[in-house]
>>> print(open('work23.cif').read())   # mmCIF, C-alpha atoms and all ligand atoms
data_start
#
loop_
_atom_site.label_atom_id
_atom_site.label_comp_id
_atom_site.auth_asym_id
_atom_site.auth_seq_id
_atom_site.Cartn_x
_atom_site.Cartn_y
_atom_site.Cartn_z
CA MET A 1 80.30 47.05 37.42
CA GLN A 2 77.65 44.40 37.95
CA GLY A 3 74.46 43.49 36.15
CA SER A 4 71.88 40.75 35.74
CA TYR A 5 71.99 40.47 31.95
CA LEU A 6 74.57 39.59 29.35
CA ALA A 7 74.10 41.55 26.11
CA ILE A 8 75.38 40.12 22.83
CA GLN A 9 75.81 41.59 19.37
CA SER A 10 75.43 38.75 16.90
CA ASN A 11 76.07 38.13 13.24
CA ALA A 12 72.69 37.50 11.56
CA GLU A 13 74.26 34.65 9.53
CA SER A 14 75.16 32.67 12.66
CA GLU A 15 72.45 33.49 15.17
CA GLU A 16 71.16 29.93 15.45
CA LEU A 17 74.67 28.67 16.16
CA LEU A 18 75.10 31.39 18.79
CA LYS A 19 71.89 30.39 20.58
CA GLU A 20 72.81 26.73 20.50
CA GLU A 21 76.34 27.41 21.70
CA ILE A 22 75.01 29.33 24.72
CA ALA A 23 72.54 26.55 25.52
CA ILE A 24 75.37 23.99 25.46
CA ARG A 25 78.22 25.95 27.07
CA PHE A 26 76.45 28.28 29.47
CA PRO A 27 73.20 26.66 30.68
CA GLU A 28 73.16 29.17 33.57
CA LEU A 29 72.27 31.91 31.05
CA ARG A 30 68.54 32.17 30.29
CA PRO A 31 67.33 33.76 27.00
CA SER A 32 65.63 37.10 27.67
CA PHE A 33 65.39 39.54 24.72
CA SER A 34 66.03 38.71 21.09
CA ALA A 35 66.07 41.04 18.06
CA PRO A 36 68.04 40.71 14.79
CA SER A 37 71.73 40.98 15.75
CA PHE A 38 71.05 41.76 19.43
CA LEU A 39 70.26 39.35 22.25
CA THR A 40 70.21 39.46 26.02
CA TYR A 41 70.49 36.61 28.52
CA LYS A 42 69.65 36.65 32.23
CA PHE A 43 72.26 35.23 34.55
CA GLY A 44 70.57 32.87 37.05
CA GLN A 45 69.95 34.45 40.44
CA SER A 46 73.18 36.34 41.09
CA LEU A 47 74.95 39.19 39.31
CA LEU A 48 77.55 39.20 36.55
CA SER A 49 80.65 41.37 36.85
CA GLU A 50 82.98 42.54 34.08
CA LYS A 51 85.43 39.80 35.17
CA ASP A 52 82.84 37.18 34.11
CA LEU A 53 82.79 38.45 30.53
CA ASN A 54 85.89 36.50 29.49
CA LYS A 55 84.22 33.36 30.77
CA PHE A 56 80.78 33.92 29.25
CA MET A 57 82.04 35.03 25.85
CA PRO A 58 80.39 32.99 23.12
CA VAL A 59 82.50 32.17 20.08
CA TYR A 60 79.68 33.36 17.79
CA SER A 61 79.27 36.82 19.33
CA LEU A 62 80.67 39.94 17.71
CA LYS A 63 80.55 41.81 21.01
CA THR A 64 79.59 40.89 24.56
CA GLY A 65 78.84 43.25 27.45
CA ILE A 66 76.92 43.64 30.70
CA PHE A 67 73.59 45.36 30.33
CA TYR A 68 73.73 48.55 32.40
CA GLY A 69 70.36 50.20 31.79
CA LYS A 70 67.93 51.71 29.30
CA VAL A 71 67.09 55.35 28.76
CA GLY A 72 65.29 57.58 26.23
CA ARG A 73 67.52 58.80 23.37
CA LYS A 74 67.51 62.36 24.66
CA GLN A 75 68.75 61.24 28.10
CA LEU A 76 71.62 59.10 26.79
CA ALA A 77 74.41 61.62 27.47
CA GLU A 78 73.16 62.14 31.03
CA LYS A 79 72.94 58.40 31.74
CA LEU A 80 76.47 57.90 30.44
CA LYS A 81 77.71 60.62 32.80
CA GLN A 82 76.04 58.73 35.65
CA LEU A 83 77.84 55.57 34.51
CA GLU A 84 81.19 57.40 34.49
CA LYS A 85 80.51 58.61 38.01
CA GLU A 86 79.69 55.09 39.19
CA LEU A 87 82.82 53.66 37.56
CA ASN A 88 84.91 56.67 38.52
CA ALA A 89 86.47 56.45 35.04
CA PRO A 90 85.81 57.77 31.53
CA VAL A 91 83.58 55.71 29.24
CA PHE A 92 84.13 55.48 25.47
CA ILE A 93 81.14 55.13 23.15
CA ASP A 94 81.62 52.25 20.77
CA PRO A 95 81.21 53.39 17.15
CA ALA A 96 79.77 49.92 16.51
CA SER A 97 76.65 50.97 18.46
CA THR A 98 73.35 51.36 16.59
CA GLN A 99 73.48 54.45 14.39
CA CYS A 100 71.29 57.33 15.52
CA THR A 101 71.82 61.10 15.79
CA GLU A 102 72.43 61.16 19.56
CA ILE A 103 75.04 58.37 19.41
CA ASP A 104 76.69 59.80 16.29
CA ILE A 105 77.17 63.14 18.09
CA LEU A 106 78.73 61.46 21.15
CA VAL A 107 81.05 59.39 18.92
CA LYS A 108 82.04 62.52 16.98
CA ASN A 109 82.74 64.42 20.22
CA GLN A 110 85.11 61.76 21.45
CA GLY A 111 87.20 62.39 18.31
CA SER A 112 89.94 60.02 17.25
CA LYS A 113 91.00 59.16 20.81
CA LEU A 114 91.18 55.39 21.21
CA PRO A 115 90.63 53.40 24.40
CA LYS A 116 93.58 51.82 26.19
CA MET A 117 93.68 48.44 27.89
CA ASN A 118 90.99 48.12 30.59
CA ASP A 119 89.21 51.37 29.62
CA TRP A 120 85.43 51.16 29.79
CA ILE A 121 83.39 50.91 26.59
CA ALA A 122 79.65 51.44 26.24
CA TRP A 123 77.99 50.02 23.17
CA VAL A 124 74.44 51.07 22.72
CA TYR A 125 71.55 49.25 21.10
CA VAL A 126 68.63 51.46 20.07
CA TYR A 127 65.32 49.70 20.64
CA GLU A 128 62.44 50.72 18.31
CA GLN A 129 64.21 54.03 17.50
CA LYS A 130 63.33 55.25 21.01
CA GLU A 131 65.23 53.61 23.84
CA CYS A 132 68.98 53.37 24.23
CA TRP A 133 70.09 50.12 25.87
CA ILE A 134 73.57 50.67 27.31
CA ASN A 135 75.93 47.69 27.49
CA VAL A 136 79.36 47.85 29.04
CA PHE A 137 82.67 46.01 28.82
CA GLN A 138 86.34 46.65 29.51
CA PHE A 139 88.66 46.95 26.53
CA LEU A 140 91.03 43.96 26.38
CA PRO A 141 92.33 43.71 22.81
CA PRO A 142 92.21 41.34 20.98
CA ILE A 143 89.92 39.35 23.31
CA ASN A 144 87.21 41.91 22.53
CA ASN A 145 87.17 44.81 20.11
CA PHE A 146 86.22 48.49 19.89
CA GLY A 147 84.43 49.94 16.88
CA ASN A 148 83.66 48.51 13.50
CA ILE A 149 86.06 46.25 11.66
CA SER A 150 86.49 47.36 8.06
CA SER A 151 84.68 45.41 5.36
CA ASN A 152 86.17 46.76 2.14
CA ILE A 153 87.26 44.29 -0.51
CA PRO A 154 89.41 45.72 -3.33
CA LYS A 155 87.93 44.88 -6.72
CA GLU A 156 91.22 43.23 -7.79
CA SER A 157 90.90 40.62 -5.03
CA PRO A 158 90.40 37.12 -6.47
CA SER A 159 87.81 36.26 -3.80
CA ARG A 160 85.83 37.52 -0.80
CA ALA A 161 88.08 35.43 1.48
CA TYR A 162 90.36 38.53 1.37
CA LEU A 163 88.13 40.02 4.03
CA LYS A 164 88.62 37.17 6.48
CA MET A 165 92.39 37.75 6.62
CA ALA A 166 92.03 41.55 6.50
CA GLN A 167 89.69 41.39 9.52
CA THR A 168 91.99 38.91 11.29
CA PHE A 169 94.89 41.36 10.83
CA GLU A 170 92.76 44.17 12.20
CA ARG A 171 91.50 42.27 15.24
CA LEU A 172 94.95 40.90 16.14
CA GLN A 173 96.73 44.12 15.07
CA MET A 174 99.05 42.04 12.94
CA LYS A 175 100.35 45.08 11.04
CA LYS A 176 102.69 45.39 14.03
CA ILE A 177 104.76 42.64 12.36
CA GLN A 178 107.20 44.70 10.35
CA ASP A 179 109.44 42.13 8.69
CA PRO A 180 108.06 39.94 5.92
CA GLN A 181 107.02 36.52 7.18
CA THR A 182 105.80 33.36 5.48
CA PHE A 183 102.21 32.23 5.69
CA LEU A 184 101.41 28.68 4.70
CA GLU A 185 97.78 28.73 3.65
CA ILE A 186 95.90 25.45 3.26
CA GLY A 187 92.96 25.99 0.89
CA CYS A 188 94.43 29.02 -0.88
CA ALA A 189 92.62 29.07 -4.25
CA PRO A 190 91.60 31.29 -5.96
CA GLY A 191 93.64 33.62 -3.73
CA GLY A 192 91.77 36.39 -1.87
CA VAL A 193 93.71 35.69 1.35
CA ALA A 194 96.99 35.35 -0.58
CA TYR A 195 96.30 38.67 -2.33
CA PHE A 196 95.88 40.38 1.06
CA LEU A 197 99.03 38.80 2.54
CA LEU A 198 101.16 39.57 -0.53
CA GLN A 199 99.98 43.17 -0.46
CA GLU A 200 101.12 43.32 3.17
CA GLY A 201 104.59 42.31 1.95
CA HIS A 202 104.51 38.71 3.24
CA PHE A 203 105.34 35.42 1.48
CA VAL A 204 102.62 32.85 0.78
CA LEU A 205 103.04 29.12 0.39
CA GLY A 206 99.66 27.71 -0.61
CA ILE A 207 98.24 24.21 -0.70
CA ASP A 208 95.18 23.62 -2.85
CA THR A 209 93.88 21.27 -5.51
CA GLY A 210 92.28 24.26 -7.27
CA ASP A 211 93.72 26.96 -9.54
CA MET A 212 95.03 30.27 -8.31
CA ASP A 213 93.67 33.37 -10.02
CA GLN A 214 95.63 34.04 -13.23
CA LYS A 215 95.87 37.80 -12.64
CA LEU A 216 97.46 37.13 -9.26
CA LEU A 217 99.93 34.68 -10.82
CA ASN A 218 100.86 37.28 -13.45
CA SER A 219 101.31 40.10 -10.96
CA PRO A 220 104.76 41.27 -9.77
CA MET A 221 103.87 39.96 -6.28
CA ALA A 222 103.81 36.40 -7.60
CA ASP A 223 107.53 35.90 -6.93
CA ARG A 224 106.55 35.71 -3.22
CA LEU A 225 103.87 33.07 -3.91
CA LYS A 226 104.10 29.30 -4.45
CA ASN A 227 101.26 26.82 -4.59
CA ILE A 228 101.53 23.10 -3.90
CA ARG A 229 98.80 21.77 -6.13
CA LYS A 230 97.84 18.63 -4.20
CA PRO A 231 95.17 17.52 -1.75
CA VAL A 232 96.50 18.52 1.67
CA GLN A 233 96.24 14.90 2.85
CA GLU A 234 99.00 14.00 0.35
CA VAL A 235 101.39 16.84 1.27
CA ARG A 236 104.53 15.68 3.08
CA LYS A 237 107.40 17.49 4.78
CA GLY A 238 109.56 17.22 1.63
CA ASP A 239 106.93 19.02 -0.52
CA ILE A 240 106.96 21.92 1.90
CA GLU A 241 110.74 22.07 2.21
CA LYS A 242 111.12 22.16 -1.58
CA SER A 243 108.60 25.00 -1.95
CA LEU A 244 110.16 26.99 0.90
CA GLN A 245 113.51 26.71 -0.89
CA ARG A 246 111.93 28.03 -4.09
CA LEU A 247 110.55 30.96 -2.14
CA ASN A 248 114.01 31.37 -0.61
CA VAL A 249 112.69 31.48 2.95
CA PRO A 250 113.90 29.26 5.84
CA THR A 251 110.50 28.20 7.23
CA PHE A 252 106.89 29.36 7.64
CA GLU A 253 105.94 31.35 10.73
CA TRP A 254 102.17 31.28 10.26
CA LEU A 255 99.76 28.56 9.33
CA ALA A 256 96.45 29.73 7.93
CA ASN A 257 93.70 27.44 6.80
CA ASP A 258 90.56 28.11 4.82
CA LEU A 259 89.61 24.59 3.77
CA ASN A 260 86.07 23.64 2.94
CA LEU A 261 86.52 20.23 4.55
CA PRO A 262 84.62 18.78 7.53
CA LEU A 263 85.84 20.35 10.77
CA PRO A 264 87.74 17.41 12.33
CA MET A 265 89.62 16.75 9.08
CA ALA A 266 90.46 20.45 8.55
CA TYR A 267 91.67 20.71 12.16
CA ASN A 268 93.76 17.51 12.04
CA GLU A 269 95.42 18.38 8.73
CA THR A 270 96.25 21.88 9.97
CA MET A 271 97.84 20.50 13.15
CA ARG A 272 99.81 17.92 11.13
CA ILE A 273 101.17 20.47 8.65
CA SER A 274 101.99 22.93 11.48
CA GLN A 275 104.62 20.47 12.78
CA TYR A 276 106.69 21.15 9.66
CA SER A 277 107.50 24.69 10.80
CA ASN A 278 110.75 25.28 12.67
CA ASP A 279 109.55 28.57 14.10
CA LEU A 280 105.76 28.67 14.35
CA TRP A 281 104.38 32.02 15.54
CA GLY A 282 100.73 31.22 15.18
CA GLN A 283 97.87 29.34 13.62
CA LEU A 284 94.81 30.99 12.10
CA ILE A 285 92.42 28.13 11.53
CA THR A 286 89.11 28.84 9.80
CA LEU A 287 86.69 26.11 10.81
CA LYS A 288 83.39 25.58 9.00
CA THR A 289 80.47 24.93 11.33
CA PRO A 290 77.58 24.61 8.87
CA SER A 291 75.16 23.16 11.40
CA ILE A 292 74.50 22.82 15.09
CA GLU A 293 75.93 19.27 14.90
CA SER A 294 79.40 20.73 14.31
CA LEU A 295 79.45 22.63 17.65
CA PRO A 296 80.71 19.71 19.78
CA GLN A 297 83.47 19.21 17.16
CA LEU A 298 84.41 22.89 17.50
CA MET A 299 84.54 22.62 21.30
CA THR A 300 86.78 19.55 21.00
CA ALA A 301 89.13 21.44 18.65
CA ILE A 302 89.31 24.42 21.06
CA LYS A 303 90.05 22.08 23.97
CA LYS A 304 92.71 20.14 22.03
CA ILE A 305 94.59 23.24 20.89
CA SER A 306 94.35 24.85 24.36
CA GLN A 307 95.92 21.74 25.89
CA SER A 308 98.33 21.05 23.01
CA GLU A 309 101.91 20.25 23.90
CA ARG A 310 102.97 23.22 21.77
CA ASP A 311 101.84 25.29 24.72
CA PHE A 312 100.24 28.22 22.92
CA TYR A 313 100.21 31.41 24.97
CA TYR A 314 96.96 32.78 23.59
CA VAL A 315 94.07 30.70 22.26
CA GLN A 316 90.69 32.11 21.27
CA ALA A 317 87.96 31.11 18.84
CA ILE A 318 86.48 34.27 17.36
CA HIS A 319 83.74 35.17 14.96
CA LEU A 320 84.51 37.96 12.51
CA PRO A 321 81.91 40.06 10.65
CA ALA A 322 83.06 38.42 7.36
CA HIS A 323 82.30 34.98 8.75
CA LYS A 324 79.13 33.15 7.92
CA LYS A 325 78.72 29.74 9.51
CA GLU A 326 82.35 29.47 10.51
CA CYS A 327 84.82 30.79 13.03
CA LEU A 328 88.53 31.42 13.42
CA LEU A 329 90.55 29.45 15.91
CA VAL A 330 93.58 31.57 16.81
CA ALA A 331 96.59 30.07 18.60
CA LEU A 332 99.66 32.24 19.19
CA SER A 333 103.12 31.51 20.55
CA LYS A 334 104.60 33.61 23.35
CA LYS A 335 106.97 35.24 20.85
CA ALA A 336 104.06 36.35 18.62
CA CYS A 337 102.22 37.69 21.67
CA GLN A 338 105.26 39.75 22.70
CA ILE A 339 105.47 41.38 19.26
CA LEU A 340 101.69 41.84 19.00
CA GLU A 341 101.45 43.02 22.64
CA ILE A 342 98.87 40.38 23.51
CA GLY A 343 98.46 38.92 27.00
CA ALA A 344 98.05 35.23 27.81
CA PHE A 345 94.51 33.92 27.30
CA LYS A 346 92.75 30.56 27.11
CA PRO A 347 89.01 30.14 26.57
CA TYR A 348 86.77 28.94 29.36
CA LEU A 349 86.01 25.25 28.82
CA GLY A 350 83.91 24.45 31.86
CA ASP A 351 84.81 24.14 35.52
CA ASN A 352 85.68 20.42 35.39
C1 LIG A 401 86.88 28.64 0.91
S1 LIG A 401 87.88 28.12 -0.39
C2 LIG A 401 89.37 28.96 -0.09
C3 LIG A 401 89.38 30.41 -0.48
C4 LIG A 401 90.78 30.95 -0.43
N1 LIG A 401 91.35 30.94 0.90
C5 LIG A 401 90.91 32.34 -1.00
O1 LIG A 401 91.50 33.18 -0.34
O2 LIG A 401 90.42 32.60 -2.09
C6 LIG A 401 88.30 26.50 0.08
C7 LIG A 401 89.40 25.84 -0.73
O3 LIG A 401 89.71 24.58 -0.13
C8 LIG A 401 90.20 23.76 -1.16
N2 LIG A 401 90.20 22.35 -0.73
C9 LIG A 401 89.15 21.60 -0.37
N3 LIG A 401 89.56 20.36 -0.04
C10 LIG A 401 90.90 20.34 -0.18
C11 LIG A 401 91.92 19.35 0.02
N4 LIG A 401 91.62 18.12 0.47
N5 LIG A 401 93.21 19.69 -0.22
C12 LIG A 401 93.54 20.92 -0.65
N6 LIG A 401 92.61 21.90 -0.87
C13 LIG A 401 91.33 21.60 -0.64
C14 LIG A 401 89.25 24.04 -2.32
O4 LIG A 401 89.85 23.65 -3.56
C15 LIG A 401 89.02 25.53 -2.19
O5 LIG A 401 89.86 26.25 -3.05
#
>>> encode(input="work23.cif", output="structure tokens")
Amino acid sequence: MQGSYLAIQSNAESEELLKEEIAIRFPELRPSFSAPSFLTYKFGQSLLSEKDLNKFMPVYSLKTGIFYGKVGRKQLAEKLKQLEKELNAPVFIDPASTQCTEIDILVKNQGSKLPKMNDWIAWVYVYEQKECWINVFQFLPPINNFGNISSNIPKESPSRAYLKMAQTFERLQMKKIQDPQTFLEIGCAPGGVAYFLLQEGHFVLGIDTGDMDQKLLNSPMADRLKNIRKPVQEVRKGDIEKSLQRLNVPTFEWLANDLNLPLPMAYNETMRISQYSNDLWGQLITLKTPSIESLPQLMTAIKKISQSERDFYYVQAIHLPAHKKECLLVALSKKACQILEIGAFKPYLGDN
């Protein structure tokens, strides 16, 4: 599969960051079409193939594909058959395509069957209610994703941050982890993320200067929750060891961070605290990128963690639908990848 254009589904909240990121990281891509939440870029003189998608995958995209062609709504099914013939493989319609009757029918007809690794996905953008623009990628979870990620927040959740961890679990398929594990969360108050993790049966060791939600502290799940009430900069190994003992767990396997601190400080503190784990499975680092100025800092953080001596097996910075001007830097150990059935991956950081 080859094409001249890269098609990107964006999050309206972060479109400016997306455009700037592409200008900085992929100068060979030229802006072509731009509508709210959908953009296309022309690739220089030559053609893009599906293999290039992992390279030209912006952090701030929700979905990236190769533009295959446009067709009237009534001819969509026929054009997709032509695509299947060209690929000599079935093509799944992404339920995250624009909603319209023709697409809804095709999605319904494919039933609950889910794509497997390397299956072809077509996600369709409907232009002016008339034309279907077909974009194609190969399914490689969790590098890319199929369908819509859920955005329900239970009313008992202490904050909307619940959604960030719920969507992280969905994208990385973290429900595959069956035994309870311990998540150290830096920036845990008032406790939306903690509420999600506790509900999943995990333990939470939080660090925050702020108060946790009283209802959460009074709930039966609170015996799996401890909060170190200090600025993270003042937390030392001994503080963590003491709290782990109180939780009656040997170490923390996951380090999550949702600090509203400047990016370099949030990144450095997360990396420092992560050294206190004896068995680190992964880091889920939310990094705030409020302005275009923070992009070079983000790129530096991605580079540092990719080249870290901890030798992470999978590193990817991703943008979730719940994110506004922020992203999630994911770094997983080989052991975590084996359990989660994730292949090795490092982001493209330039040819030099
Ligand atoms: C986006 S909120 C976190 C929301 C939280 N994860 C939840 O699930 O509800 C950011 C948090 O970072 C905390 N924070 C900011 N600077 C901090 C510091 N230096 N040390 C510890 N916590 C800090 C704030 O108190 C605030 O609670």
>>> atom_distance(input="work23.cif", atom1="atom CA of A:His323", atom2="atom CA of A:Lys108")
28.7 Å
>>> residues_near_point(input="work23.cif", point="(95.4, 27.9, 6.4)", cutoff="7 Å", atoms="only C-alpha atoms", output="PDB file with C-alpha atoms, in the frame of the given file")
ATOM      1  CA  LEU A 184     101.410  28.680   4.700  1.00  0.00           C
ATOM      2  CA  GLU A 185      97.780  28.730   3.650  1.00  0.00           C
ATOM      3  CA  ILE A 186      95.900  25.450   3.260  1.00  0.00           C
ATOM      4  CA  GLY A 187      92.960  25.990   0.890  1.00  0.00           C
ATOM      5  CA  LEU A 255      99.760  28.560   9.330  1.00  0.00           C
ATOM      6  CA  ALA A 256      96.450  29.730   7.930  1.00  0.00           C
ATOM      7  CA  ASN A 257      93.700  27.440   6.800  1.00  0.00           C
ATOM      8  CA  ASP A 258      90.560  28.110   4.820  1.00  0.00           C
ATOM      9  CA  LEU A 284      94.810  30.990  12.100  1.00  0.00           C
ATOM     10  CA  ILE A 285      92.420  28.130  11.530  1.00  0.00           C
TER      11      ILE A 285
END
>>> atom_distance(input="work23.cif", atom1="atom CA of A:Tyr267", atom2="atom CA of A:Gln233")
11.9 Å
>>> residues_near_ligand(input="work23.cif", ligand="ligand LIG 401 (chain A)", cutoff="6 Å", atoms="only C-alpha atoms and all ligand atoms", output="list in words")
Ser159, Ala161, Tyr162, Gly187, Cys188, Ala189, Pro190, Gly191, Gly192, Val193, Ala194, Ile207, Asp208, Thr209, Gly210, Pro231, Val232, Asp258, Leu259, Asn260 and Leu261 of chain A
>>> closest_residue(input="work23.cif", among="A:Ala77, A:Leu328, A:Ala122, A:Val71", to="A:Ile93", atoms="all atoms listed in the file")
A:Ala122
>>> closest_residue(input="work23.cif", among="A:Glu234, A:Glu16, A:Asp52, A:Glu131", to="A:Leu76", atoms="all atoms listed in the file")
A:Glu131
>>> atom_distance(input="work23.cif", atom1="atom CA of A:Lys335", atom2="atom CA of A:Glu253")
10.9 Å
>>> residues_around(input="work23.cif", residues="A:Met57", least_positions_apart="5", cutoff="12 Å", atoms="all atoms listed in the file", output="PyMOL selection string")
chain A and resi 6-10+18+21-22+25-26+29+41+50-52+62-66+137+143-144+316-319+346-349
>>> residues_around(input="work23.cif", residues="A:Asn278", least_positions_apart="3", cutoff="12 Å", atoms="only C-alpha atoms", output="PyMOL selection string")
chain A and resi 182+237+240-241+244+249-255+273-275+281-282
>>> residues_near_point(input="work23.cif", point="(72.9, 44.7, 35.0)", cutoff="12 Å", atoms="all atoms listed in the file", output="PyMOL selection string")
chain A and resi 1-7+40-43+45-50+65-70+83+133-137
>>> residues_around(input="work23.cif", residues="stretch 171-173 of chain A", least_positions_apart="5", cutoff="8 Å", atoms="only C-alpha atoms", output="list in words")
Pro141, Pro142, Asn145, Ile149 and Leu340 of chain A
>>> axis_aligned_box(input="work23.cif", around="stretch 319-323 of chain A", padding_each_side="5 Å", output="JSON")
{"center_x": 83.2, "center_y": 37.5, "center_z": 11.2, "size_x": 12.6, "size_y": 15.1, "size_z": 17.6}
>>> residues_around(input="work23.cif", residues="A:Pro36", least_positions_apart="6", cutoff="9 Å", atoms="all atoms listed in the file", output="list of chain:residue names")
A:Ser10, A:Asn11, A:Ala12, A:Glu15
>>> decode(input="work23.cif", residues="stretch 201-208 of chain A", atoms="all heavy atoms", output="CSV table (one decimal), in the first residue's frame")
chain,number,residue,atom,x,y,z
A,201,GLY,N,-8.2,-3.2,41.4
A,201,GLY,CA,-7.7,-4.2,42.4
A,201,GLY,C,-6.2,-3.9,42.7
A,201,GLY,O,-5.6,-4.7,43.4
A,202,HIS,N,-5.6,-2.8,42.2
A,202,HIS,CA,-4.2,-2.5,42.4
A,202,HIS,C,-4.0,-1.7,43.7
A,202,HIS,O,-4.9,-1.3,44.3
A,202,HIS,CB,-3.6,-1.8,41.2
A,202,HIS,CG,-3.6,-2.6,40.0
A,202,HIS,ND1,-2.9,-3.8,39.9
A,202,HIS,CD2,-4.3,-2.5,38.8
A,202,HIS,CE1,-3.1,-4.3,38.6
A,202,HIS,NE2,-4.0,-3.5,38.0
A,203,PHE,N,-2.7,-1.6,44.1
A,203,PHE,CA,-2.3,-0.8,45.3
A,203,PHE,C,-1.8,0.6,44.7
A,203,PHE,O,-1.2,0.6,43.7
A,203,PHE,CB,-1.2,-1.5,46.0
A,203,PHE,CG,-1.6,-2.7,46.8
A,203,PHE,CD1,-1.8,-3.9,46.1
A,203,PHE,CD2,-1.8,-2.7,48.2
A,203,PHE,CE1,-2.2,-5.1,46.8
A,203,PHE,CE2,-2.1,-3.8,48.8
A,203,PHE,CZ,-2.4,-5.0,48.2
A,204,VAL,N,-2.0,1.6,45.5
A,204,VAL,CA,-1.6,2.9,45.1
A,204,VAL,C,-0.8,3.6,46.2
A,204,VAL,O,-1.3,3.7,47.3
A,204,VAL,CB,-2.8,3.9,44.7
A,204,VAL,CG1,-2.3,5.3,44.3
A,204,VAL,CG2,-3.6,3.2,43.5
A,205,LEU,N,0.4,4.0,45.8
A,205,LEU,CA,1.2,4.8,46.8
A,205,LEU,C,1.3,6.2,46.1
A,205,LEU,O,1.9,6.3,45.0
A,205,LEU,CB,2.6,4.2,47.0
A,205,LEU,CG,3.7,5.0,47.7
A,205,LEU,CD1,3.1,5.5,49.0
A,205,LEU,CD2,4.9,4.2,47.9
A,206,GLY,N,0.7,7.2,46.7
A,206,GLY,CA,0.7,8.5,46.1
A,206,GLY,C,1.7,9.4,46.7
A,206,GLY,O,2.1,9.3,47.8
A,207,ILE,N,2.1,10.4,45.9
A,207,ILE,CA,2.9,11.5,46.4
A,207,ILE,C,2.2,12.8,46.0
A,207,ILE,O,1.9,13.0,44.8
A,207,ILE,CB,4.3,11.5,45.8
A,207,ILE,CG1,5.1,10.3,46.2
A,207,ILE,CG2,5.1,12.8,46.3
A,207,ILE,CD1,6.5,10.1,45.6
A,208,ASP,N,1.8,13.7,46.9
A,208,ASP,CA,1.2,14.9,46.6
A,208,ASP,C,1.2,15.8,47.8
A,208,ASP,O,1.1,15.4,48.9
A,208,ASP,CB,-0.2,14.7,46.1
A,208,ASP,CG,-0.7,15.8,45.2
A,208,ASP,OD1,-0.7,17.0,45.6
A,208,ASP,OD2,-1.1,15.6,44.0
